[in-house]
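Undergrad: Contents of final_11.cif (mmCIF, C-alpha atoms):
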data_model
#
loop_
_atom_site.label_atom_id
_atom_site.label_comp_id
_atom_site.auth_asym_id
_atom_site.auth_seq_id
_atom_site.Cartn_x
_atom_site.Cartn_y
_atom_site.Cartn_z
CA MET A 1 -13.39 -33.31 29.45
CA LYS A 2 -15.50 -33.97 26.38
CA ASP A 3 -14.09 -33.20 22.98
CA ASN A 4 -17.14 -31.36 21.68
CA PRO A 5 -18.83 -28.93 24.04
CA SER A 6 -22.34 -28.05 22.96
CA GLN A 7 -21.82 -24.29 22.71
CA THR A 8 -20.98 -22.78 19.33
CA LYS A 9 -17.46 -21.42 19.25
CA PRO A 10 -17.57 -17.73 20.22
CA GLU A 11 -16.68 -14.69 18.18
CA TYR A 12 -14.25 -11.93 19.04
CA SER A 13 -15.44 -8.37 19.60
CA ALA A 14 -15.71 -5.96 16.68
CA PHE A 15 -12.21 -4.65 17.50
CA HIS A 16 -10.75 -7.99 16.46
CA ARG A 17 -10.41 -6.65 12.90
CA TYR A 18 -7.37 -4.62 13.94
CA TRP A 19 -5.39 -7.72 14.92
CA MET A 20 -4.03 -10.63 12.88
CA PHE A 21 -5.44 -13.49 14.97
CA ASP A 22 -6.46 -16.80 13.49
CA PRO A 23 -10.28 -16.64 13.85
CA GLU A 24 -10.30 -20.33 14.81
CA VAL A 25 -8.30 -19.60 17.97
CA THR A 26 -9.88 -18.33 21.18
CA PHE A 27 -7.03 -16.12 22.36
CA LEU A 28 -7.30 -15.31 26.08
CA ASN A 29 -3.60 -14.80 26.71
CA HIS A 30 -2.74 -11.20 25.82
CA GLY A 31 -0.74 -10.97 29.04
CA ALA A 32 1.92 -13.41 27.86
CA PHE A 33 3.47 -11.59 24.90
CA GLY A 34 0.85 -9.01 23.99
CA ALA A 35 -0.46 -8.76 20.43
CA CYS A 36 0.33 -5.90 18.08
CA PRO A 37 -2.49 -4.36 15.98
CA ILE A 38 -2.04 -4.11 12.22
CA PRO A 39 -1.84 -0.27 12.08
CA ILE A 40 1.04 -0.33 14.57
CA LEU A 41 2.82 -3.05 12.61
CA ASP A 42 2.40 -0.86 9.52
CA ALA A 43 4.07 2.02 11.34
CA GLN A 44 6.94 -0.26 12.31
CA TYR A 45 7.34 -1.37 8.70
CA GLN A 46 7.53 2.26 7.59
CA PHE A 47 10.35 2.92 10.05
CA ARG A 48 12.17 -0.14 8.73
CA GLN A 49 11.77 1.12 5.19
CA GLN A 50 13.07 4.54 6.22
CA LEU A 51 16.11 2.90 7.80
CA GLU A 52 16.93 0.58 4.91
CA GLN A 53 16.49 3.22 2.19
CA GLN A 54 19.48 5.10 3.58
CA PRO A 55 21.00 3.38 6.66
CA PHE A 56 23.82 5.87 7.23
CA HIS A 57 21.55 8.88 6.95
CA PHE A 58 19.02 7.26 9.27
CA PHE A 59 21.42 6.34 12.06
CA VAL A 60 23.70 9.38 11.87
CA ARG A 61 21.22 12.16 11.11
CA GLU A 62 17.71 10.98 12.06
CA TYR A 63 17.87 8.27 14.71
CA GLU A 64 18.59 10.33 17.79
CA THR A 65 15.82 12.85 17.09
CA LEU A 66 13.31 10.08 16.40
CA LEU A 67 14.35 8.26 19.57
CA ASP A 68 13.99 11.42 21.64
CA GLN A 69 10.51 12.01 20.22
CA ALA A 70 9.43 8.47 21.08
CA ARG A 71 11.00 8.79 24.53
CA GLN A 72 9.14 12.03 25.23
CA GLN A 73 5.76 10.63 24.25
CA LEU A 74 6.33 7.49 26.29
CA ALA A 75 7.53 9.55 29.26
CA ASP A 76 4.38 11.66 29.08
CA PHE A 77 2.27 8.50 28.95
CA VAL A 78 3.86 6.90 32.03
CA GLY A 79 4.35 10.11 34.01
CA ALA A 80 8.14 10.18 33.91
CA ASN A 81 10.82 12.75 33.16
CA SER A 82 12.09 11.90 29.67
CA GLU A 83 15.70 12.38 30.76
CA ASP A 84 15.24 9.58 33.31
CA LEU A 85 13.94 7.04 30.81
CA VAL A 86 15.82 4.78 28.40
CA PHE A 87 14.69 2.04 26.06
CA VAL A 88 15.42 -1.65 26.63
CA PRO A 89 14.04 -4.61 24.65
CA ASN A 90 12.02 -6.06 27.55
CA ALA A 91 11.47 -5.76 31.28
CA THR A 92 13.69 -8.76 32.03
CA THR A 93 16.55 -6.84 30.43
CA GLY A 94 15.64 -3.88 32.60
CA ILE A 95 15.84 -6.02 35.74
CA ASN A 96 19.17 -7.50 34.62
CA THR A 97 20.53 -4.04 33.85
CA VAL A 98 19.88 -2.73 37.35
CA LEU A 99 20.81 -5.82 39.36
CA ARG A 100 24.01 -6.42 37.41
CA SER A 101 25.06 -2.76 37.67
CA LEU A 102 24.77 -2.52 41.45
CA SER A 103 27.26 -3.77 44.04
CA PHE A 104 26.21 -6.08 46.87
CA SER A 105 28.05 -7.88 49.65
CA GLU A 106 27.56 -10.73 52.09
CA GLN A 107 26.11 -8.25 54.57
CA ASP A 108 23.29 -7.27 52.21
CA GLU A 109 19.78 -8.66 51.97
CA LEU A 110 17.77 -8.55 48.73
CA LEU A 111 14.06 -8.69 49.45
CA THR A 112 11.41 -10.01 47.07
CA THR A 113 8.13 -11.93 47.27
CA ASN A 114 6.96 -15.45 46.50
CA HIS A 115 4.98 -13.99 43.57
CA GLU A 116 8.06 -12.67 41.75
CA TYR A 117 8.30 -13.55 38.05
CA ASN A 118 10.58 -16.56 37.57
CA ALA A 119 12.95 -14.91 35.06
CA CYS A 120 13.54 -11.95 37.37
CA ARG A 121 13.92 -14.18 40.41
CA ASN A 122 16.62 -16.01 38.46
CA VAL A 123 18.48 -12.73 37.99
CA LEU A 124 18.27 -12.11 41.72
CA ASP A 125 19.63 -15.62 42.40
CA PHE A 126 22.45 -15.06 39.89
CA VAL A 127 23.53 -11.81 41.53
CA ALA A 128 23.21 -13.20 45.05
CA THR A 129 25.35 -16.22 44.18
CA ARG A 130 28.07 -13.98 42.78
CA THR A 131 28.10 -11.45 45.60
CA GLY A 132 27.12 -13.49 48.66
CA ALA A 133 24.04 -11.35 49.30
CA LYS A 134 21.12 -13.12 50.96
CA ILE A 135 17.69 -13.32 49.33
CA ILE A 136 14.75 -12.78 51.67
CA ILE A 137 11.26 -13.84 50.62
CA ALA A 138 8.07 -12.16 51.79
CA ASP A 139 5.33 -14.77 51.56
CA ILE A 140 2.08 -13.25 50.34
CA PRO A 141 -0.96 -15.53 50.23
CA PHE A 142 -2.91 -15.67 47.00
CA PHE A 143 -6.26 -15.54 48.79
CA ILE A 144 -6.27 -12.04 50.24
CA THR A 145 -8.91 -9.52 51.19
CA SER A 146 -6.99 -6.25 51.10
CA SER A 147 -3.82 -4.61 49.81
CA GLN A 148 -2.81 -4.00 53.43
CA GLN A 149 -1.93 -7.69 53.72
CA ILE A 150 0.62 -7.24 50.92
CA ILE A 151 2.14 -4.16 52.54
CA GLU A 152 2.42 -5.86 55.92
CA ALA A 153 3.95 -9.02 54.48
CA VAL A 154 6.67 -7.06 52.66
CA MET A 155 7.47 -4.66 55.48
CA ALA A 156 7.66 -7.51 58.01
CA LYS A 157 10.71 -8.85 56.15
CA VAL A 158 12.60 -5.55 56.03
CA SER A 159 15.69 -5.42 58.22
CA PRO A 160 18.66 -3.08 58.75
CA ARG A 161 20.50 -5.20 56.17
CA THR A 162 17.91 -4.77 53.40
CA LYS A 163 19.77 -3.21 50.47
CA LEU A 164 17.17 -3.47 47.71
CA VAL A 165 13.57 -4.59 47.28
CA LEU A 166 12.54 -6.21 43.99
CA ILE A 167 8.77 -6.37 43.64
CA ASP A 168 6.21 -6.76 40.88
CA HIS A 169 3.73 -4.02 40.13
CA ILE A 170 1.36 -6.61 38.67
CA THR A 171 2.26 -10.23 39.33
CA SER A 172 2.52 -12.50 36.32
CA GLN A 173 1.46 -15.78 37.90
CA THR A 174 -1.34 -14.53 40.15
CA GLY A 175 -2.42 -11.31 38.40
CA LEU A 176 -2.44 -9.22 41.59
CA ILE A 177 -1.87 -5.47 41.56
CA PHE A 178 0.57 -4.79 44.37
CA PRO A 179 0.23 -1.49 46.27
CA ILE A 180 3.71 -0.44 45.26
CA GLN A 181 3.34 3.29 45.93
CA GLU A 182 2.52 2.71 49.59
CA ILE A 183 5.33 0.15 49.92
CA ILE A 184 7.84 2.45 48.20
CA GLN A 185 6.92 5.36 50.47
CA LYS A 186 7.66 3.23 53.55
CA LEU A 187 10.93 1.95 52.07
CA ASN A 188 12.03 5.41 50.95
CA HIS A 189 11.54 6.61 54.52
CA LEU A 190 13.97 3.87 55.59
CA GLY A 191 16.47 4.73 52.84
CA ILE A 192 15.93 1.44 50.98
CA ASP A 193 16.02 1.40 47.19
CA THR A 194 13.30 -0.26 45.12
CA LEU A 195 13.36 -2.04 41.78
CA ILE A 196 9.86 -2.41 40.35
CA ASP A 197 9.09 -5.05 37.75
CA GLY A 198 6.27 -3.29 35.90
CA ALA A 199 6.17 -5.70 32.97
CA HIS A 200 2.35 -5.67 32.76
CA ALA A 201 1.61 -2.17 33.99
CA PRO A 202 1.92 0.19 30.97
CA GLY A 203 -1.43 0.17 29.23
CA MET A 204 -3.15 -1.86 31.96
CA LEU A 205 -2.92 0.84 34.61
CA ALA A 206 -2.70 4.62 34.48
CA LEU A 207 0.90 5.30 35.52
CA ASN A 208 2.61 8.26 37.09
CA LEU A 209 6.14 7.13 37.79
CA GLN A 210 7.13 10.40 39.42
CA GLU A 211 4.37 9.96 42.00
CA ILE A 212 5.15 6.27 42.48
CA GLY A 213 8.69 7.23 43.42
CA ALA A 214 10.54 3.97 42.71
CA THR A 215 14.32 4.11 42.48
CA TYR A 216 14.18 1.92 39.39
CA TYR A 217 11.12 1.01 37.33
CA THR A 218 11.01 -1.14 34.19
CA GLY A 219 7.97 -1.89 32.05
CA ASN A 220 7.05 -3.56 28.78
CA CYS A 221 5.38 -1.71 25.93
CA HIS A 222 4.66 -4.85 23.88
CA LYS A 223 2.07 -6.19 26.32
CA TRP A 224 -0.91 -3.98 27.23
CA LEU A 225 0.36 -0.99 25.30
CA SER A 226 0.37 -3.31 22.25
CA ALA A 227 3.58 -1.98 20.72
CA PRO A 228 5.76 -4.31 18.62
CA LYS A 229 7.86 -6.94 20.35
CA GLY A 230 11.16 -5.66 21.67
CA ALA A 231 9.84 -2.41 23.16
CA ALA A 232 10.29 -1.67 26.85
CA PHE A 233 11.75 1.01 29.10
CA LEU A 234 13.84 1.51 32.19
CA ALA A 235 13.34 4.59 34.36
CA VAL A 236 16.07 5.48 36.85
CA GLN A 237 16.04 8.26 39.42
CA GLN A 238 18.51 10.94 38.41
CA ASP A 239 20.76 10.58 41.44
CA LYS A 240 21.22 6.86 40.68
CA GLN A 241 21.89 7.09 36.95
CA GLY A 242 25.65 7.15 37.41
CA LEU A 243 25.45 3.64 38.89
CA ILE A 244 23.46 2.04 36.09
CA ARG A 245 25.28 0.88 32.96
CA PRO A 246 23.81 -0.95 29.96
CA LEU A 247 24.54 -4.66 29.65
CA THR A 248 26.45 -3.81 26.45
CA ILE A 249 29.15 -1.15 26.82
CA SER A 250 29.66 0.82 23.61
CA HIS A 251 30.64 4.26 22.30
CA GLY A 252 28.78 6.20 24.97
CA ALA A 253 31.25 5.09 27.64
CA ASN A 254 33.92 7.55 26.46
CA SER A 255 31.88 10.00 24.43
CA THR A 256 33.08 13.60 24.72
CA ARG A 257 29.60 15.02 24.11
CA SER A 258 28.30 17.37 26.78
CA ASP A 259 24.82 18.00 25.36
CA ARG A 260 23.38 14.75 26.74
CA SER A 261 23.73 12.82 29.97
CA ARG A 262 26.08 9.86 30.13
CA PHE A 263 23.00 7.79 31.01
CA LEU A 264 21.35 8.55 27.64
CA LEU A 265 24.59 8.37 25.68
CA GLU A 266 25.32 4.86 26.90
CA PHE A 267 21.83 3.39 26.62
CA ASP A 268 20.78 5.01 23.35
CA TRP A 269 23.57 3.35 21.40
CA THR A 270 24.76 -0.14 22.34
CA GLY A 271 25.54 -1.22 18.78
CA THR A 272 23.62 -1.16 15.51
CA PRO A 273 19.97 -1.86 16.42
CA ASP A 274 16.61 -2.28 14.76
CA PRO A 275 14.94 0.58 16.66
CA SER A 276 11.61 0.27 14.86
CA ALA A 277 9.84 -1.22 17.90
CA TYR A 278 10.90 1.73 20.08
CA LEU A 279 9.98 4.26 17.42
CA SER A 280 6.52 2.69 17.01
CA ILE A 281 5.58 3.25 20.65
CA PRO A 282 4.00 6.67 19.92
CA LYS A 283 1.80 5.04 17.28
CA ALA A 284 0.75 2.40 19.81
CA ILE A 285 -0.12 5.06 22.38
CA ASP A 286 -2.13 7.03 19.85
CA PHE A 287 -3.85 4.10 18.16
CA MET A 288 -4.90 2.18 21.28
CA GLY A 289 -6.02 5.46 22.83
CA SER A 290 -8.25 6.14 19.83
CA LEU A 291 -10.29 2.93 19.99
CA LEU A 292 -12.86 4.25 22.47
CA PRO A 293 -14.33 7.76 22.88
CA GLY A 294 -12.89 8.11 26.36
CA GLY A 295 -9.36 7.31 25.22
CA TRP A 296 -6.96 5.37 27.40
CA SER A 297 -8.95 5.82 30.60
CA GLU A 298 -11.99 4.22 29.00
CA LEU A 299 -9.90 1.44 27.46
CA ILE A 300 -8.32 0.60 30.82
CA LYS A 301 -11.73 0.63 32.51
CA THR A 302 -13.34 -1.47 29.76
CA ASN A 303 -10.64 -4.13 29.92
CA HIS A 304 -10.80 -4.21 33.72
CA ASN A 305 -14.58 -4.62 33.68
CA LEU A 306 -14.32 -7.45 31.16
CA ALA A 307 -11.73 -9.20 33.34
CA VAL A 308 -13.96 -8.77 36.41
CA ASN A 309 -17.03 -10.11 34.62
CA ALA A 310 -15.13 -12.99 33.05
CA ARG A 311 -13.64 -13.95 36.41
CA LYS A 312 -17.09 -13.84 38.02
CA LEU A 313 -18.52 -16.02 35.25
CA LEU A 314 -15.78 -18.64 35.62
CA SER A 315 -15.98 -18.51 39.40
CA GLU A 316 -19.72 -19.20 39.37
CA LYS A 317 -19.72 -21.86 36.65
CA LEU A 318 -16.70 -23.71 38.03
CA GLU A 319 -17.73 -23.15 41.66
CA ILE A 320 -14.38 -21.61 42.55
CA PRO A 321 -14.13 -18.85 45.18
CA LEU A 322 -12.63 -15.51 44.17
CA PRO A 323 -9.11 -15.21 45.61
CA CYS A 324 -9.04 -11.41 45.90
CA PRO A 325 -11.31 -8.36 45.59
CA ASN A 326 -11.90 -6.76 42.20
CA HIS A 327 -9.75 -3.71 42.89
CA LEU A 328 -6.64 -5.90 43.15
CA ILE A 329 -6.85 -7.05 39.53
CA GLY A 330 -6.46 -5.13 36.28
CA SER A 331 -6.92 -6.72 32.86
CA MET A 332 -5.83 -10.18 33.99
CA ALA A 333 -7.60 -12.46 36.43
CA VAL A 334 -6.39 -15.69 37.99
CA LEU A 335 -8.38 -18.48 39.61
CA PRO A 336 -7.15 -21.64 41.36
CA LEU A 337 -8.63 -24.60 39.53
CA GLY A 338 -8.54 -26.96 42.45
CA LYS A 339 -7.42 -30.56 42.61
CA ARG A 340 -10.08 -31.62 40.08
CA TRP A 341 -7.84 -30.13 37.38
CA GLN A 342 -4.54 -30.99 39.08
CA SER A 343 -2.81 -32.24 35.91
CA PHE A 344 -2.26 -28.77 34.48
CA SER A 345 0.07 -29.87 31.67
CA ASP A 346 -2.54 -32.30 30.30
CA LEU A 347 -5.21 -29.62 30.60
CA ASN A 348 -3.10 -27.09 28.71
CA GLN A 349 -2.61 -29.61 25.96
CA LYS A 350 -6.32 -30.45 25.71
CA LEU A 351 -7.44 -26.82 25.66
CA TRP A 352 -5.10 -26.05 22.80
CA GLN A 353 -5.05 -29.21 20.73
CA GLU A 354 -8.73 -30.10 21.01
CA HIS A 355 -10.40 -26.69 21.37
CA LYS A 356 -7.88 -24.08 20.13
CA ILE A 357 -8.17 -22.14 23.38
CA GLU A 358 -5.00 -20.21 24.24
CA VAL A 359 -4.97 -19.61 27.99
CA PRO A 360 -2.14 -20.27 30.47
CA ILE A 361 -2.53 -22.83 33.24
CA MET A 362 0.32 -22.79 35.72
CA PRO A 363 1.31 -24.58 38.93
CA TRP A 364 1.07 -22.76 42.25
CA ASP A 365 3.43 -24.09 44.88
CA ASP A 366 1.49 -23.02 47.95
CA ASP A 367 -1.29 -25.61 47.66
CA ASN A 368 -0.24 -27.80 44.74
CA GLN A 369 -3.15 -26.81 42.53
CA PRO A 370 -2.99 -25.16 39.12
CA LEU A 371 -3.92 -21.58 38.37
CA ILE A 372 -5.72 -20.43 35.24
CA ARG A 373 -5.00 -16.88 34.07
CA ILE A 374 -7.34 -15.08 31.70
CA SER A 375 -6.53 -11.82 29.94
CA ALA A 376 -9.04 -9.22 28.78
CA GLN A 377 -8.11 -6.97 25.88
CA ILE A 378 -10.49 -4.90 23.78
CA TYR A 379 -10.68 -7.60 21.09
CA ASN A 380 -12.04 -10.19 23.56
CA HIS A 381 -15.73 -10.91 24.21
CA LEU A 382 -17.48 -12.37 27.25
CA SER A 383 -18.74 -15.31 25.19
CA GLN A 384 -15.13 -16.50 24.85
CA TYR A 385 -14.90 -17.01 28.59
CA GLU A 386 -18.28 -18.76 28.58
CA TYR A 387 -16.85 -21.13 26.01
CA LEU A 388 -13.77 -21.71 28.18
CA ALA A 389 -15.98 -22.52 31.18
CA GLU A 390 -18.06 -24.98 29.19
CA VAL A 391 -14.96 -26.75 27.90
CA LEU A 392 -13.54 -27.02 31.41
CA LEU A 393 -16.79 -28.50 32.73
CA ASN A 394 -17.12 -31.15 30.03
#
Could you show the structure in this file as structure tokens?
TA:
Amino acid sequence: MKDNPSQTKPEYSAFHRYWMFDPEVTFLNHGAFGACPIPILDAQYQFRQQLEQQPFHFFVREYETLLDQARQQLADFVGANSEDLVFVPNATTGINTVLRSLSFSEQDELLTTNHEYNACRNVLDFVATRTGAKIIIADIPFFITSSQQIIEAVMAKVSPRTKLVLIDHITSQTGLIFPIQEIIQKLNHLGIDTLIDGAHAPGMLALNLQEIGATYYTGNCHKWLSAPKGAAFLAVQQDKQGLIRPLTISHGANSTRSDRSRFLLEFDWTGTPDPSAYLSIPKAIDFMGSLLPGGWSELIKTNHNLAVNARKLLSEKLEIPLPCPNHLIGSMAVLPLGKRWQSFSDLNQKLWQEHKIEVPIMPWDDDNQPLIRISAQIYNHLSQYEYLAEVLLN
């Protein structure tokens, strides 16, 4: 790789002005931690000011109403019943909350896939070690031609002992959109509960959680919804809410209130918080939905089209075959780099230190070759991916 590719460093799109990025950095990694626009950060600051001007008044007299308002707007956005939705700081906490609330035994099997996010797989391992439950892995190839292959791979591993299925909605490492609604329908018919890791889904896909029908669904708001860090949700079907307890037990456990469910009472107060990230979610929904004339549907389509075009550009320039059809990706796209770029840690270092390109390159166990994952958010521009391709080729 040469240190100085011939192409002039690219510019961001016109929407870049709403973010705080260093203009010297080519940021193609929105999928990792998201990036919060300045107007949303301003809204968060205002909530923090409101809290600190009169903390007692805020928490005792205002907090619950503000939280309910944010919950309702988020529930409307993701197609959920607001009474089934609680806030958590991130999707990993949501996964922990469910898995560590449920009871398993040595007779139980916990099914997941080889694409499961490492942090959440670790939670599954932790619970299985404690309870004696057996983890079953459905191996899904990265090079696939249809969503049916994913469905068949998962269902082939279901047995009479399957107690719970943990599956990504959008995989972190490979960027695939799993056909979770079809899988859930089949599992529901068998009486098997589902825990969906939807970390990347809110803001990347149009969601209707009531139609999806998962037993448990958790998603981040700080990624594609672009809310502040520390904003996520957990949705639990009403008949299962009595089983699910927050990781921190607090006042809600013995509250005598009858105007709210125990589920909300326990999760809404687990100790003195900084709730500004949760309360800023409505601003994120409104602001990001205002960037294009067609609102969220146009934003989702625009980001998807940019990811498709960027993937095609990289595929052609690097002579790498596409691993899946376009409809199985959203606003992230992943390509195997091949053995030419096998030293992924060195490549990561060069891209950042020598070219200020922020893009994840990760190992993939199946064929011992690294994967490169690009993200496409409204602030990105196709020329940024052209620059990435040129750097990789030199």
Undergrad: For the structure shown, which residues end up in the PyMOL selection byres ((chain A and resi 232-243) around 8)? Put them as a PyMOL selection string, please?
TA: chain A and resi 80+84-91+94+101-102+214-222+230-231+244-245+262-263+278
Undergrad: Those residues you just picked out, can you put them in a file as a PDB file, in the frame of the given file with C-alpha atoms?
TA:
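And here is the file that came out, out_34.pdb:
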ATOM      1  CA  ALA A  80       8.140  10.180  33.910  1.00  0.00           C
ATOM      2  CA  ASP A  84      15.240   9.580  33.310  1.00  0.00           C
ATOM      3  CA  LEU A  85      13.940   7.040  30.810  1.00  0.00           C
ATOM      4  CA  VAL A  86      15.820   4.780  28.400  1.00  0.00           C
ATOM      5  CA  PHE A  87      14.690   2.040  26.060  1.00  0.00           C
ATOM      6  CA  VAL A  88      15.420  -1.650  26.630  1.00  0.00           C
ATOM      7  CA  PRO A  89      14.040  -4.610  24.650  1.00  0.00           C
ATOM      8  CA  ASN A  90      12.020  -6.060  27.550  1.00  0.00           C
ATOM      9  CA  ALA A  91      11.470  -5.760  31.280  1.00  0.00           C
ATOM     10  CA  GLY A  94      15.640  -3.880  32.600  1.00  0.00           C
ATOM     11  CA  SER A 101      25.060  -2.760  37.670  1.00  0.00           C
ATOM     12  CA  LEU A 102      24.770  -2.520  41.450  1.00  0.00           C
ATOM     13  CA  ALA A 214      10.540   3.970  42.710  1.00  0.00           C
ATOM     14  CA  THR A 215      14.320   4.110  42.480  1.00  0.00           C
ATOM     15  CA  TYR A 216      14.180   1.920  39.390  1.00  0.00           C
ATOM     16  CA  TYR A 217      11.120   1.010  37.330  1.00  0.00           C
ATOM     17  CA  THR A 218      11.010  -1.140  34.190  1.00  0.00           C
ATOM     18  CA  GLY A 219       7.970  -1.890  32.050  1.00  0.00           C
ATOM     19  CA  ASN A 220       7.050  -3.560  28.780  1.00  0.00           C
ATOM     20  CA  CYS A 221       5.380  -1.710  25.930  1.00  0.00           C
ATOM     21  CA  HIS A 222       4.660  -4.850  23.880  1.00  0.00           C
ATOM     22  CA  GLY A 230      11.160  -5.660  21.670  1.00  0.00           C
ATOM     23  CA  ALA A 231       9.840  -2.410  23.160  1.00  0.00           C
ATOM     24  CA  ILE A 244      23.460   2.040  36.090  1.00  0.00           C
ATOM     25  CA  ARG A 245      25.280   0.880  32.960  1.00  0.00           C
ATOM     26  CA  ARG A 262      26.080   9.860  30.130  1.00  0.00           C
ATOM     27  CA  PHE A 263      23.000   7.790  31.010  1.00  0.00           C
ATOM     28  CA  TYR A 278      10.900   1.730  20.080  1.00  0.00           C
TER      29      TYR A 278
END
Undergrad: Please enumerate the residues selected by the PyMOL selection byres ((chain A and resi 120) around 9) when evaluated against the supplied file, formatted as JSON, numbers by chain.
TA: {"A": [91, 92, 95, 96, 116, 117, 118, 119, 121, 122, 123, 124, 125, 166, 197]}
Undergrad: Name the residues in contact with Phe15 of chain A at a cut-off of 12 Å, using only C-alpha atoms, excluding same-chain residues fewer than 6 positions from it; report them as an mmCIF file with C-alpha atoms, in the frame of the given file.
TA:
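In the end it all went to out.cif:
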data_model
loop_
_atom_site.group_PDB
_atom_site.id
_atom_site.type_symbol
_atom_site.label_atom_id
_atom_site.label_comp_id
_atom_site.auth_asym_id
_atom_site.auth_seq_id
_atom_site.Cartn_x
_atom_site.Cartn_y
_atom_site.Cartn_z
ATOM 1 C CA PHE A 21 -5.440 -13.490 14.970
ATOM 2 C CA PRO A 37 -2.490 -4.360 15.980
ATOM 3 C CA ILE A 38 -2.040 -4.110 12.220
ATOM 4 C CA MET A 288 -4.900 2.180 21.280
ATOM 5 C CA SER A 290 -8.250 6.140 19.830
ATOM 6 C CA LEU A 291 -10.290 2.930 19.990
ATOM 7 C CA LEU A 292 -12.860 4.250 22.470
ATOM 8 C CA LEU A 299 -9.900 1.440 27.460
ATOM 9 C CA GLN A 377 -8.110 -6.970 25.880
ATOM 10 C CA ILE A 378 -10.490 -4.900 23.780
ATOM 11 C CA TYR A 379 -10.680 -7.600 21.090
ATOM 12 C CA ASN A 380 -12.040 -10.190 23.560
ATOM 13 C CA HIS A 381 -15.730 -10.910 24.210
#
Undergrad: Out of A:Lys186, A:Lys163, A:Lys229, A:His327, which residue has the shortest atom-to-atom distance to Glu109 of chain A when counting all atoms listed in the file?
TA: A:Lys163
Undergrad: Pick out the closest residue to Lys9 of chain A from this set: A:Ser159, A:Asn394, A:Thr256, A:Gln384. Count only C-alpha atoms.
TA: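 For Lys9 of chain A, the nearest of the given residues is A:Gln384.
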Undergrad: Selection in question (the file shown): the PyMOL selection byres ((chain A and resi 61-76) around 9). Which residues does it include, as JSON, numbers by chain?
TA: {"A": [51, 56, 57, 58, 59, 60, 77, 78, 79, 80, 81, 82, 83, 84, 85, 86, 87, 208, 209, 233, 268, 275, 278, 279, 280, 281, 282, 285]}
Undergrad: Figure out the distance between atom CA of Ala307 of chain A and atom CA of Met332 of chain A, please, to one decimal in Å.
TA: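 According to the coordinates, atom CA of Met332 of chain A and atom CA of Ala307 of chain A are separated by 6.0 Å.
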Undergrad: Give me, as a list of chain:residue names, all polymer residues having an atom no more than 8 Å from Leu393 of chain A, counting all atoms listed in the file and skipping those fewer than 2 positions away in the same chain.
TA: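 Selected residues are A:Met1, A:Leu318, A:Ala389, A:Glu390, A:Val391.
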Undergrad: Please identify all polymer residues within 6 Å of Val165 of chain A, counting all atoms listed in the file, omitting same-chain residues fewer than 2 positions from it, and present them as a ChimeraX atom specification.
TA: /A:110-112,194
Undergrad: Work out how far atom CA of Leu190 of chain A is from atom CA of Ser105 of chain A, in Å to one decimal.
TA: 19.3 Å
Undergrad: Could you check the closest approach to Ala138 of chain A for each of A:Gly252, A:Leu314, A:Ile167, A:Pro160 and tell me which residue wins, using all atoms listed in the file?
TA: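 Of A:Gly252, A:Leu314, A:Ile167, A:Pro160, the one nearest Ala138 of chain A is A:Ile167, counting all atoms listed in the file.
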Undergrad: Identify which of the residues A:Glu24, A:Glu266, A:Gln46, A:Ser146 lies closest to Cys324 of chain A, counting only C-alpha atoms when measuring atom-to-atom distances.
TA: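 Using only C-alpha atoms, Cys324 of chain A sits closest to A:Ser146.
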Undergrad: Please report the interatomic distance between atom CA of Ser147 of chain A and atom CA of Gly295 of chain A in Å with one decimal.
TA: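 Distance reported for this atom pair: 27.9 Å.
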